[in-house]
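Shown next: upload.cif, containing mmCIF, C-alpha atoms.
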```cif
data_input
loop_
_atom_site.group_PDB
_atom_site.id
_atom_site.type_symbol
_atom_site.label_atom_id
_atom_site.label_comp_id
_atom_site.auth_asym_id
_atom_site.auth_seq_id
_atom_site.Cartn_x
_atom_site.Cartn_y
_atom_site.Cartn_z
ATOM 1 C CA MET A 916 68.737 89.824 110.271
ATOM 2 C CA LYS A 917 70.663 90.261 107.013
ATOM 3 C CA LYS A 918 73.536 87.788 106.700
ATOM 4 C CA ILE A 919 76.976 88.474 105.302
ATOM 5 C CA THR A 920 77.200 87.605 101.600
ATOM 6 C CA HIS A 921 80.430 89.405 100.572
ATOM 7 C CA VAL A 922 84.021 88.271 101.005
ATOM 8 C CA VAL A 923 87.348 89.956 100.259
ATOM 9 C CA ILE A 924 90.288 87.749 99.222
ATOM 10 C CA PRO A 925 93.605 89.643 98.874
ATOM 11 C CA VAL A 926 95.659 88.040 96.079
ATOM 12 C CA ALA A 927 98.126 90.793 95.193
ATOM 13 C CA GLY A 928 101.194 89.321 96.925
ATOM 14 C CA PHE A 929 104.100 88.008 94.848
ATOM 15 C CA GLY A 930 104.555 84.875 96.970
ATOM 16 C CA THR A 931 108.298 85.205 97.471
ATOM 17 C CA ARG A 932 108.269 82.365 100.010
ATOM 18 C CA MET A 933 107.145 80.050 97.203
ATOM 19 C CA LEU A 934 109.828 80.874 94.632
ATOM 20 C CA PRO A 935 110.701 79.481 92.143
ATOM 21 C CA LEU A 936 107.229 77.869 91.899
ATOM 22 C CA SER A 937 105.535 81.265 92.003
ATOM 23 C CA LYS A 938 107.817 82.977 89.480
ATOM 24 C CA SER A 939 105.324 82.669 86.602
ATOM 25 C CA VAL A 940 102.309 81.035 88.288
ATOM 26 C CA PRO A 941 100.433 82.956 91.016
ATOM 27 C CA LYS A 942 100.946 81.210 94.341
ATOM 28 C CA GLU A 943 97.154 81.030 94.748
ATOM 29 C CA LEU A 944 96.974 78.778 91.670
ATOM 30 C CA LEU A 945 99.581 76.297 92.872
ATOM 31 C CA PRO A 946 97.884 72.912 93.270
ATOM 32 C CA LEU A 947 96.831 71.191 96.460
ATOM 33 C CA GLY A 948 96.022 67.729 95.196
ATOM 34 C CA ASN A 949 93.989 68.132 92.008
ATOM 35 C CA ARG A 950 92.832 71.739 92.491
ATOM 36 C CA PRO A 951 94.582 75.082 92.996
ATOM 37 C CA ALA A 952 94.765 76.357 96.562
ATOM 38 C CA ILE A 953 92.372 79.251 96.001
ATOM 39 C CA HIS A 954 89.700 76.836 94.755
ATOM 40 C CA TYR A 955 89.306 75.468 98.295
ATOM 41 C CA VAL A 956 89.209 78.968 99.801
ATOM 42 C CA VAL A 957 86.400 80.024 97.464
ATOM 43 C CA GLU A 958 84.540 76.748 98.049
ATOM 44 C CA GLU A 959 84.744 77.437 101.784
ATOM 45 C CA ALA A 960 83.252 80.892 101.279
ATOM 46 C CA ILE A 961 80.412 79.605 99.098
ATOM 47 C CA ALA A 962 79.592 76.818 101.571
ATOM 48 C CA ALA A 963 79.257 79.492 104.285
ATOM 49 C CA GLY A 964 76.696 81.410 102.223
ATOM 50 C CA ILE A 965 78.889 83.944 100.405
ATOM 51 C CA LYS A 966 77.450 85.208 97.109
ATOM 52 C CA HIS A 967 79.944 87.901 96.029
ATOM 53 C CA ILE A 968 83.687 87.191 96.012
ATOM 54 C CA VAL A 969 85.984 90.206 95.641
ATOM 55 C CA LEU A 970 89.567 89.429 94.630
ATOM 56 C CA VAL A 971 92.046 92.239 95.344
ATOM 57 C CA GLY A 972 95.004 91.811 93.027
ATOM 58 C CA HIS A 973 97.250 93.498 90.507
ATOM 59 C CA ALA A 974 97.953 93.324 86.779
ATOM 60 C CA GLN A 975 100.065 90.166 86.977
ATOM 61 C CA LYS A 976 97.342 88.179 88.750
ATOM 62 C CA SER A 977 94.754 88.091 85.951
ATOM 63 C CA ALA A 978 95.208 84.301 85.707
ATOM 64 C CA ILE A 979 93.332 83.989 89.017
ATOM 65 C CA GLU A 980 90.328 85.842 87.635
ATOM 66 C CA ASN A 981 90.512 83.704 84.487
ATOM 67 C CA TYR A 982 90.356 80.542 86.599
ATOM 68 C CA PHE A 983 86.889 81.504 87.815
ATOM 69 C CA ASP A 984 85.692 82.508 84.347
ATOM 70 C CA ILE A 985 84.249 80.193 81.697
ATOM 71 C CA ASN A 986 86.699 79.245 78.947
ATOM 72 C CA ALA A 987 84.186 78.996 76.107
ATOM 73 C CA GLU A 988 86.629 77.451 73.613
ATOM 74 C CA LEU A 989 87.728 74.725 76.039
ATOM 75 C CA ASP A 990 84.115 74.098 77.085
ATOM 76 C CA ASN A 991 83.005 73.679 73.472
ATOM 77 C CA GLN A 992 85.866 71.314 72.650
ATOM 78 C CA LEU A 993 85.180 69.101 75.647
ATOM 79 C CA ARG A 994 81.454 68.890 74.904
ATOM 80 C CA ALA A 995 82.125 68.181 71.224
ATOM 81 C CA LYS A 996 84.147 65.168 72.358
ATOM 82 C CA GLY A 997 81.378 63.995 74.656
ATOM 83 C CA LYS A 998 83.218 64.983 77.827
ATOM 84 C CA ASN A 999 80.242 66.812 79.342
ATOM 85 C CA GLU A 1000 80.952 65.708 82.910
ATOM 86 C CA LEU A 1001 84.487 67.097 82.742
ATOM 87 C CA ALA A 1002 83.205 70.343 81.196
ATOM 88 C CA ASP A 1003 80.612 70.688 83.952
ATOM 89 C CA SER A 1004 83.287 70.163 86.619
ATOM 90 C CA LEU A 1005 85.266 73.132 85.266
ATOM 91 C CA ASN A 1006 82.261 75.448 85.461
ATOM 92 C CA TRP A 1007 81.624 74.741 89.126
ATOM 93 C CA LEU A 1008 80.661 78.172 90.444
ATOM 94 C CA PRO A 1009 76.956 78.363 91.338
ATOM 95 C CA ASP A 1010 74.887 80.665 89.130
ATOM 96 C CA ASP A 1011 74.115 82.985 92.053
ATOM 97 C CA VAL A 1012 77.785 83.569 92.923
ATOM 98 C CA THR A 1013 79.669 86.526 91.422
ATOM 99 C CA VAL A 1014 83.455 86.939 91.274
ATOM 100 C CA SER A 1015 84.876 90.460 90.889
ATOM 101 C CA MET A 1016 88.469 91.650 90.790
ATOM 102 C CA ILE A 1017 89.806 95.050 91.760
ATOM 103 C CA ARG A 1018 93.419 96.189 91.784
ATOM 104 C CA GLN A 1019 95.218 97.274 94.909
ATOM 105 C CA GLY A 1020 97.360 99.746 92.994
ATOM 106 C CA LYS A 1021 100.215 100.059 95.486
ATOM 107 C CA PRO A 1022 101.702 97.343 97.738
ATOM 108 C CA LEU A 1023 100.820 99.042 101.017
ATOM 109 C CA GLY A 1024 99.942 96.023 103.118
ATOM 110 C CA LEU A 1025 96.981 93.866 104.068
ATOM 111 C CA GLY A 1026 94.970 96.728 105.536
ATOM 112 C CA HIS A 1027 95.318 98.682 102.301
ATOM 113 C CA ALA A 1028 94.301 95.611 100.281
ATOM 114 C CA VAL A 1029 91.100 95.226 102.296
ATOM 115 C CA LEU A 1030 90.354 98.944 101.948
ATOM 116 C CA ALA A 1031 90.798 98.658 98.159
ATOM 117 C CA ALA A 1032 87.674 96.469 98.050
ATOM 118 C CA ARG A 1033 85.467 99.220 99.507
ATOM 119 C CA PRO A 1034 84.086 100.441 96.144
ATOM 120 C CA ILE A 1035 82.606 96.972 95.559
ATOM 121 C CA ILE A 1036 81.670 96.043 99.138
ATOM 122 C CA GLY A 1037 79.908 99.370 99.671
ATOM 123 C CA MET A 1038 78.010 99.538 102.968
ATOM 124 C CA ASN A 1039 77.838 95.767 103.428
ATOM 125 C CA ASP A 1040 79.453 93.911 106.295
ATOM 126 C CA PHE A 1041 81.866 91.329 104.923
ATOM 127 C CA ALA A 1042 84.353 88.532 105.494
ATOM 128 C CA VAL A 1043 88.071 88.457 104.685
ATOM 129 C CA LEU A 1044 89.808 85.205 103.747
ATOM 130 C CA LEU A 1045 93.580 85.070 103.339
ATOM 131 C CA PRO A 1046 94.313 82.713 100.424
ATOM 132 C CA ASP A 1047 97.607 81.496 101.920
ATOM 133 C CA VAL A 1048 95.563 79.767 104.617
ATOM 134 C CA VAL A 1049 93.607 76.707 103.497
ATOM 135 C CA LEU A 1050 91.337 75.033 106.038
ATOM 136 C CA ASP A 1051 91.015 71.243 105.942
ATOM 137 C CA PRO A 1052 87.835 70.570 103.909
ATOM 138 C CA PHE A 1053 87.907 66.825 104.596
ATOM 139 C CA ALA A 1054 87.453 66.917 108.374
ATOM 140 C CA THR A 1055 84.895 69.689 108.904
ATOM 141 C CA ASP A 1056 81.485 70.761 107.638
ATOM 142 C CA MET A 1057 82.084 74.019 105.774
ATOM 143 C CA THR A 1058 78.361 74.813 105.848
ATOM 144 C CA ALA A 1059 78.390 75.003 109.662
ATOM 145 C CA ASP A 1060 81.965 75.233 110.971
ATOM 146 C CA ASN A 1061 84.562 78.007 111.159
ATOM 147 C CA LEU A 1062 83.620 80.756 108.650
ATOM 148 C CA ALA A 1063 79.961 79.693 108.649
ATOM 149 C CA PHE A 1064 79.950 79.725 112.464
ATOM 150 C CA MET A 1065 81.592 83.168 112.505
ATOM 151 C CA ILE A 1066 78.970 84.579 110.148
ATOM 152 C CA GLU A 1067 76.206 83.176 112.359
ATOM 153 C CA SER A 1068 77.845 84.615 115.474
ATOM 154 C CA PHE A 1069 78.182 88.027 113.840
ATOM 155 C CA ALA A 1070 74.510 87.989 112.868
ATOM 156 C CA LYS A 1071 73.576 87.501 116.521
ATOM 157 C CA ASP A 1072 75.556 90.284 118.220
ATOM 158 C CA LYS A 1073 77.260 92.311 115.427
ATOM 159 C CA HIS A 1074 80.675 91.703 116.996
ATOM 160 C CA SER A 1075 83.358 91.262 114.341
ATOM 161 C CA GLN A 1076 84.908 87.790 114.463
ATOM 162 C CA ILE A 1077 88.500 86.618 114.059
ATOM 163 C CA LEU A 1078 89.393 82.923 113.764
ATOM 164 C CA VAL A 1079 92.148 81.675 116.079
ATOM 165 C CA ASP A 1080 93.782 78.362 116.830
ATOM 166 C CA THR A 1081 96.118 77.086 119.533
ATOM 167 C CA VAL A 1082 99.730 76.830 118.342
ATOM 168 C CA ALA A 1083 102.733 75.048 119.795
ATOM 169 C CA ASP A 1084 105.094 76.926 122.107
ATOM 170 C CA GLU A 1085 107.827 77.035 119.470
ATOM 171 C CA ASP A 1086 105.460 78.655 116.925
ATOM 172 C CA VAL A 1087 104.018 81.455 119.071
ATOM 173 C CA HIS A 1088 106.554 83.995 117.790
ATOM 174 C CA LYS A 1089 105.341 83.517 114.191
ATOM 175 C CA TYR A 1090 101.792 84.821 114.670
ATOM 176 C CA GLY A 1091 99.528 87.537 115.954
ATOM 177 C CA ILE A 1092 98.420 86.274 119.369
ATOM 178 C CA ALA A 1093 95.075 87.037 121.014
ATOM 179 C CA GLN A 1094 94.902 88.777 124.382
ATOM 180 C CA LEU A 1095 91.629 87.874 126.040
ATOM 181 C CA SER A 1096 89.585 90.237 128.136
ATOM 182 C CA GLU A 1097 89.937 89.746 131.889
ATOM 183 C CA SER A 1098 86.387 88.428 132.189
ATOM 184 C CA ASP A 1099 87.075 85.719 129.601
ATOM 185 C CA ASN A 1100 90.686 84.917 130.381
ATOM 186 C CA GLY A 1101 89.857 82.314 132.982
ATOM 187 C CA ALA A 1102 86.676 81.055 131.375
ATOM 188 C CA HIS A 1103 88.325 79.190 128.489
ATOM 189 C CA ASP A 1104 91.021 76.544 128.350
ATOM 190 C CA ILE A 1105 93.184 78.428 125.899
ATOM 191 C CA ASP A 1106 96.233 76.183 126.222
ATOM 192 C CA ASN A 1107 94.615 73.135 124.639
ATOM 193 C CA LYS A 1108 92.932 72.728 121.257
ATOM 194 C CA ALA A 1109 89.278 72.041 121.915
ATOM 195 C CA ASP A 1110 88.491 71.421 118.207
ATOM 196 C CA ALA A 1111 85.212 73.259 118.612
ATOM 197 C CA ASN A 1112 83.913 76.618 117.470
ATOM 198 C CA THR A 1113 83.501 78.932 120.454
ATOM 199 C CA SER A 1114 83.211 82.712 120.274
ATOM 200 C CA PHE A 1115 84.297 85.094 123.049
ATOM 201 C CA LYS A 1116 85.602 88.624 123.486
ATOM 202 C CA VAL A 1117 89.166 89.653 122.746
ATOM 203 C CA ALA A 1118 90.989 92.600 124.297
ATOM 204 C CA GLY A 1119 93.588 92.941 121.569
ATOM 205 C CA PHE A 1120 96.417 91.227 119.727
ATOM 206 C CA VAL A 1121 100.164 91.079 120.216
ATOM 207 C CA GLU A 1122 102.097 90.733 116.977
ATOM 208 C CA LYS A 1123 104.669 87.902 116.993
ATOM 209 C CA PRO A 1124 105.545 87.942 120.724
ATOM 210 C CA SER A 1125 108.096 85.740 122.424
ATOM 211 C CA LEU A 1126 106.580 82.820 124.325
ATOM 212 C CA ALA A 1127 107.375 84.572 127.613
ATOM 213 C CA ASP A 1128 105.494 87.708 126.549
ATOM 214 C CA ALA A 1129 102.581 86.004 124.792
ATOM 215 C CA PRO A 1130 99.196 86.625 126.470
ATOM 216 C CA SER A 1131 97.906 83.261 125.159
ATOM 217 C CA LYS A 1132 98.676 80.662 122.517
ATOM 218 C CA LEU A 1133 95.676 81.544 120.368
ATOM 219 C CA ALA A 1134 97.055 82.580 116.981
ATOM 220 C CA VAL A 1135 95.176 84.383 114.194
ATOM 221 C CA VAL A 1136 94.417 81.903 111.420
ATOM 222 C CA GLY A 1137 93.450 84.159 108.486
ATOM 223 C CA ARG A 1138 89.650 84.274 108.607
ATOM 224 C CA TYR A 1139 87.809 87.448 109.582
ATOM 225 C CA VAL A 1140 84.218 88.681 109.650
ATOM 226 C CA PHE A 1141 84.060 92.476 109.848
ATOM 227 C CA SER A 1142 81.521 95.145 110.492
ATOM 228 C CA ASN A 1143 81.590 97.705 107.696
ATOM 229 C CA HIS A 1144 82.986 100.160 110.285
ATOM 230 C CA ILE A 1145 86.431 98.625 109.692
ATOM 231 C CA PHE A 1146 86.648 100.603 106.436
ATOM 232 C CA ASP A 1147 86.477 103.917 108.288
ATOM 233 C CA TYR A 1148 89.328 102.903 110.552
ATOM 234 C CA LEU A 1149 91.418 101.624 107.635
ATOM 235 C CA ALA A 1150 90.859 104.885 105.768
ATOM 236 C CA ASN A 1151 92.240 106.789 108.763
ATOM 237 C CA THR A 1152 95.052 104.382 109.656
ATOM 238 C CA LYS A 1153 98.510 105.741 108.946
ATOM 239 C CA ALA A 1154 101.205 103.552 107.468
ATOM 240 C CA SER A 1155 103.426 101.999 110.131
ATOM 241 C CA VAL A 1156 105.789 99.015 109.931
ATOM 242 C CA GLY A 1157 107.421 98.815 106.491
ATOM 243 C CA GLY A 1158 105.358 101.752 105.250
ATOM 244 C CA GLU A 1159 102.256 99.539 105.182
ATOM 245 C CA ILE A 1160 98.722 100.055 106.466
ATOM 246 C CA GLN A 1161 98.286 97.347 109.058
ATOM 247 C CA LEU A 1162 94.953 95.553 109.416
ATOM 248 C CA THR A 1163 95.757 94.949 113.095
ATOM 249 C CA ASP A 1164 95.806 98.711 113.784
ATOM 250 C CA ALA A 1165 92.258 99.048 112.455
ATOM 251 C CA ILE A 1166 91.179 95.965 114.422
ATOM 252 C CA ASP A 1167 92.460 97.564 117.639
ATOM 253 C CA ALA A 1168 90.335 100.635 116.920
ATOM 254 C CA LEU A 1169 87.335 98.420 116.174
ATOM 255 C CA ILE A 1170 87.810 96.583 119.488
ATOM 256 C CA SER A 1171 87.814 99.792 121.513
ATOM 257 C CA GLN A 1172 84.689 101.167 119.855
ATOM 258 C CA TYR A 1173 82.473 98.184 119.049
ATOM 259 C CA GLY A 1174 84.042 95.041 120.519
ATOM 260 C CA VAL A 1175 85.521 92.098 118.635
ATOM 261 C CA ASN A 1176 85.300 88.370 119.306
ATOM 262 C CA VAL A 1177 87.687 85.553 118.531
ATOM 263 C CA THR A 1178 86.358 82.188 117.352
ATOM 264 C CA THR A 1179 88.324 79.033 118.082
ATOM 265 C CA MET A 1180 88.859 76.880 115.002
ATOM 266 C CA ARG A 1181 87.652 73.391 114.230
ATOM 267 C CA GLY A 1182 89.911 71.080 112.231
ATOM 268 C CA ALA A 1183 93.308 71.946 110.800
ATOM 269 C CA SER A 1184 94.738 74.726 108.634
ATOM 270 C CA TYR A 1185 97.636 74.749 106.191
ATOM 271 C CA ASP A 1186 99.919 77.603 105.182
ATOM 272 C CA ALA A 1187 99.924 77.252 101.406
ATOM 273 C CA GLY A 1188 102.286 80.228 101.155
ATOM 274 C CA ASP A 1189 105.147 78.485 102.955
ATOM 275 C CA MET A 1190 107.125 75.886 100.996
ATOM 276 C CA ARG A 1191 107.409 73.253 103.735
ATOM 277 C CA SER A 1192 103.788 73.549 104.863
ATOM 278 C CA TYR A 1193 102.617 73.656 101.242
ATOM 279 C CA MET A 1194 104.359 70.373 100.383
ATOM 280 C CA GLN A 1195 102.869 68.706 103.468
ATOM 281 C CA ALA A 1196 99.437 70.014 102.510
ATOM 282 C CA PHE A 1197 99.807 68.810 98.908
ATOM 283 C CA ILE A 1198 100.550 65.281 100.096
ATOM 284 C CA TYR A 1199 97.617 65.307 102.519
ATOM 285 C CA PHE A 1200 95.110 66.660 99.989
ATOM 286 C CA ALA A 1201 96.300 64.217 97.318
ATOM 287 C CA GLN A 1202 95.998 61.272 99.717
ATOM 288 C CA GLN A 1203 92.448 62.251 100.635
ATOM 289 C CA GLN A 1204 91.420 62.596 97.001
ATOM 290 C CA LEU A 1205 93.078 59.336 95.944
ATOM 291 C CA ALA A 1206 91.323 57.532 98.799
ATOM 292 C CA ASP A 1207 87.973 58.900 97.601
ATOM 293 C CA GLU A 1208 88.612 57.451 94.145
ATOM 294 C CA GLU A 1209 89.296 53.940 95.432
#
```
Just give me the structure as structure tokens.
Amino acid sequence: MKKITHVVIPVAGFGTRMLPLSKSVPKELLPLGNRPAIHYVVEEAIAAGIKHIVLVGHAQKSAIENYFDINAELDNQLRAKGKNELADSLNWLPDDVTVSMIRQGKPLGLGHAVLAARPIIGMNDFAVLLPDVVLDPFATDMTADNLAFMIESFAKDKHSQILVDTVADEDVHKYGIAQLSESDNGAHDIDNKADANTSFKVAGFVEKPSLADAPSKLAVVGRYVFSNHIFDYLANTKASVGGEIQLTDAIDALISQYGVNVTTMRGASYDAGDMRSYMQAFIYFAQQQLADEE
């Protein structure tokens, strides 16, 4: 069965939670250790078998596209000085991986950003990776865990996959929370982090509920694998909260028609779009990289 080889990464947001750092530098290019945050997200996608990366941005985000391009002048200067290893490290994308960028046009929400990629994705099924979320690359095998596991699961049953992780009681109100189907609700220990990839059906999602109203503590992490049918639902989804087209509305329609699974996450994730979490992540990534150099 044909595997998913396309991914959509929405990068059009201004990153207001990261000001003043993101005033002139796209938040996706802010460093985590010795690489920008989006570098790890793209590496994750490539490790999972992705061959075509579609960035959905706007005019002020061209620096992200430039990061994945070859700077011929810099490359020539480095090689002229005998710094071939450094030059090779800058041109790290495999030859069979393509990066494209398309503009969202209007800031109409995450659902609209995903829909904007349709002209490039075409009829292919695809993954969506939110660049604010960076999964720990030091504690998991990106070729088998999380996104890679989701792609494998999708290939088996064609059920779209959404990555979730158990969050603390005090954080439940910050996330979209999974509501499991009745047949699965008692079959999984959803109150404790198992640190294993397991896929099972989901009945829906509740957006930022109170702890008392939350159907579980499984929060959406920011990794999705979608059937191409999601585009049809997004195209017919009307703007709702804040005048935006919500991805969750299209997911609800997809659940009712085709079924959707959640996949529990292995390892840890970091919100690189939140100042406090970003600083914690920077320290962690830097410590891991410094330890590797010793």
Quick one: residues within 10 Å of stretch 1010-1025 of chain A, all atoms listed in the file, excluding same-chain residues fewer than 3 positions away - as a CSV table (one decimal) with C-alpha atoms, in the frame of the given file?
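Dumped to out05.csv:
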```csv
chain,number,residue,atom,x,y,z
A,920,THR,CA,77.2,87.6,101.6
A,921,HIS,CA,80.4,89.4,100.6
A,922,VAL,CA,84.0,88.3,101.0
A,923,VAL,CA,87.3,90.0,100.3
A,924,ILE,CA,90.3,87.7,99.2
A,925,PRO,CA,93.6,89.6,98.9
A,926,VAL,CA,95.7,88.0,96.1
A,927,ALA,CA,98.1,90.8,95.2
A,928,GLY,CA,101.2,89.3,96.9
A,957,VAL,CA,86.4,80.0,97.5
A,961,ILE,CA,80.4,79.6,99.1
A,964,GLY,CA,76.7,81.4,102.2
A,965,ILE,CA,78.9,83.9,100.4
A,966,LYS,CA,77.4,85.2,97.1
A,967,HIS,CA,79.9,87.9,96.0
A,968,ILE,CA,83.7,87.2,96.0
A,969,VAL,CA,86.0,90.2,95.6
A,970,LEU,CA,89.6,89.4,94.6
A,971,VAL,CA,92.0,92.2,95.3
A,972,GLY,CA,95.0,91.8,93.0
A,973,HIS,CA,97.2,93.5,90.5
A,974,ALA,CA,98.0,93.3,86.8
A,976,LYS,CA,97.3,88.2,88.8
A,977,SER,CA,94.8,88.1,86.0
A,979,ILE,CA,93.3,84.0,89.0
A,980,GLU,CA,90.3,85.8,87.6
A,983,PHE,CA,86.9,81.5,87.8
A,984,ASP,CA,85.7,82.5,84.3
A,1006,ASN,CA,82.3,75.4,85.5
A,1007,TRP,CA,81.6,74.7,89.1
A,1028,ALA,CA,94.3,95.6,100.3
A,1029,VAL,CA,91.1,95.2,102.3
A,1030,LEU,CA,90.4,98.9,101.9
A,1031,ALA,CA,90.8,98.7,98.2
A,1032,ALA,CA,87.7,96.5,98.0
A,1033,ARG,CA,85.5,99.2,99.5
A,1034,PRO,CA,84.1,100.4,96.1
A,1035,ILE,CA,82.6,97.0,95.6
A,1045,LEU,CA,93.6,85.1,103.3
A,1154,ALA,CA,101.2,103.6,107.5
A,1155,SER,CA,103.4,102.0,110.1
A,1156,VAL,CA,105.8,99.0,109.9
A,1157,GLY,CA,107.4,98.8,106.5
A,1158,GLY,CA,105.4,101.8,105.2
A,1159,GLU,CA,102.3,99.5,105.2
A,1160,ILE,CA,98.7,100.1,106.5
A,1161,GLN,CA,98.3,97.3,109.1
A,1162,LEU,CA,95.0,95.6,109.4
A,1163,THR,CA,95.8,94.9,113.1
```
On this file, the PyMOL selection byres ((chain A and resi 1080) around 8) gives some set of residues; write that set as a list in words.
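Taken on the displayed file, the PyMOL selection byres ((chain A and resi 1080) around 8) yields the residues Leu1078, Val1079, Thr1081, Val1082, Lys1108, Lys1132, Leu1133, Ala1134, Val1135, Val1136, Thr1179 and Met1180 of chain A.
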First collect every listed atom of stretch 1188-1206 of chain A; then fit an axis-aligned box around them, widen it by 6 Å on each side, and give centre and edge lengths in Å to one decimal, as JSON.
```
{"center_x": 99.4, "center_y": 68.9, "center_z": 100.4, "size_x": 28.1, "size_y": 34.7, "size_z": 20.9}
```
6 Å contact set for stretch 1046-1063 of chain A, all atoms listed in the file, chain neighbours under 2 positions out, as a PDB file with C-alpha atoms, in the coordinates of the input:
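Saved the output as part02.pdb:
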```
ATOM      1  CA  ILE A 953      92.372  79.251  96.001  1.00  0.00           C
ATOM      2  CA  GLU A 959      84.744  77.437 101.784  1.00  0.00           C
ATOM      3  CA  ALA A 962      79.592  76.818 101.571  1.00  0.00           C
ATOM      4  CA  ALA A 963      79.257  79.492 104.285  1.00  0.00           C
ATOM      5  CA  MET A1065      81.592  83.168 112.505  1.00  0.00           C
ATOM      6  CA  ILE A1066      78.970  84.579 110.148  1.00  0.00           C
ATOM      7  CA  MET A1180      88.859  76.880 115.002  1.00  0.00           C
ATOM      8  CA  ALA A1183      93.308  71.946 110.800  1.00  0.00           C
ATOM      9  CA  SER A1184      94.738  74.726 108.634  1.00  0.00           C
ATOM     10  CA  TYR A1185      97.636  74.749 106.191  1.00  0.00           C
ATOM     11  CA  ASP A1186      99.919  77.603 105.182  1.00  0.00           C
ATOM     12  CA  ALA A1187      99.924  77.252 101.406  1.00  0.00           C
ATOM     13  CA  GLY A1188     102.286  80.228 101.155  1.00  0.00           C
TER      14      GLY A1188
END
```
Quick check on the file I pasted: which residues fall under the PyMOL selection byres ((chain A and resi 1087) around 7)? Write them as number ranges by chain.
A: 1082-1086, 1088-1090, 1123-1126, 1132
Selection to disk with C-alpha atoms, as a short mmCIF file (atom, residue, chain, number, x, y, z; two decimals), keeping the file's coordinate frame:
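After the write, part_24.cif holds the following:
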```
data_model
loop_
_atom_site.label_atom_id
_atom_site.label_comp_id
_atom_site.auth_asym_id
_atom_site.auth_seq_id
_atom_site.Cartn_x
_atom_site.Cartn_y
_atom_site.Cartn_z
CA VAL A 1082 99.73 76.83 118.34
CA ALA A 1083 102.73 75.05 119.80
CA ASP A 1084 105.09 76.93 122.11
CA GLU A 1085 107.83 77.04 119.47
CA ASP A 1086 105.46 78.66 116.92
CA HIS A 1088 106.55 84.00 117.79
CA LYS A 1089 105.34 83.52 114.19
CA TYR A 1090 101.79 84.82 114.67
CA LYS A 1123 104.67 87.90 116.99
CA PRO A 1124 105.54 87.94 120.72
CA SER A 1125 108.10 85.74 122.42
CA LEU A 1126 106.58 82.82 124.32
CA LYS A 1132 98.68 80.66 122.52
#
```
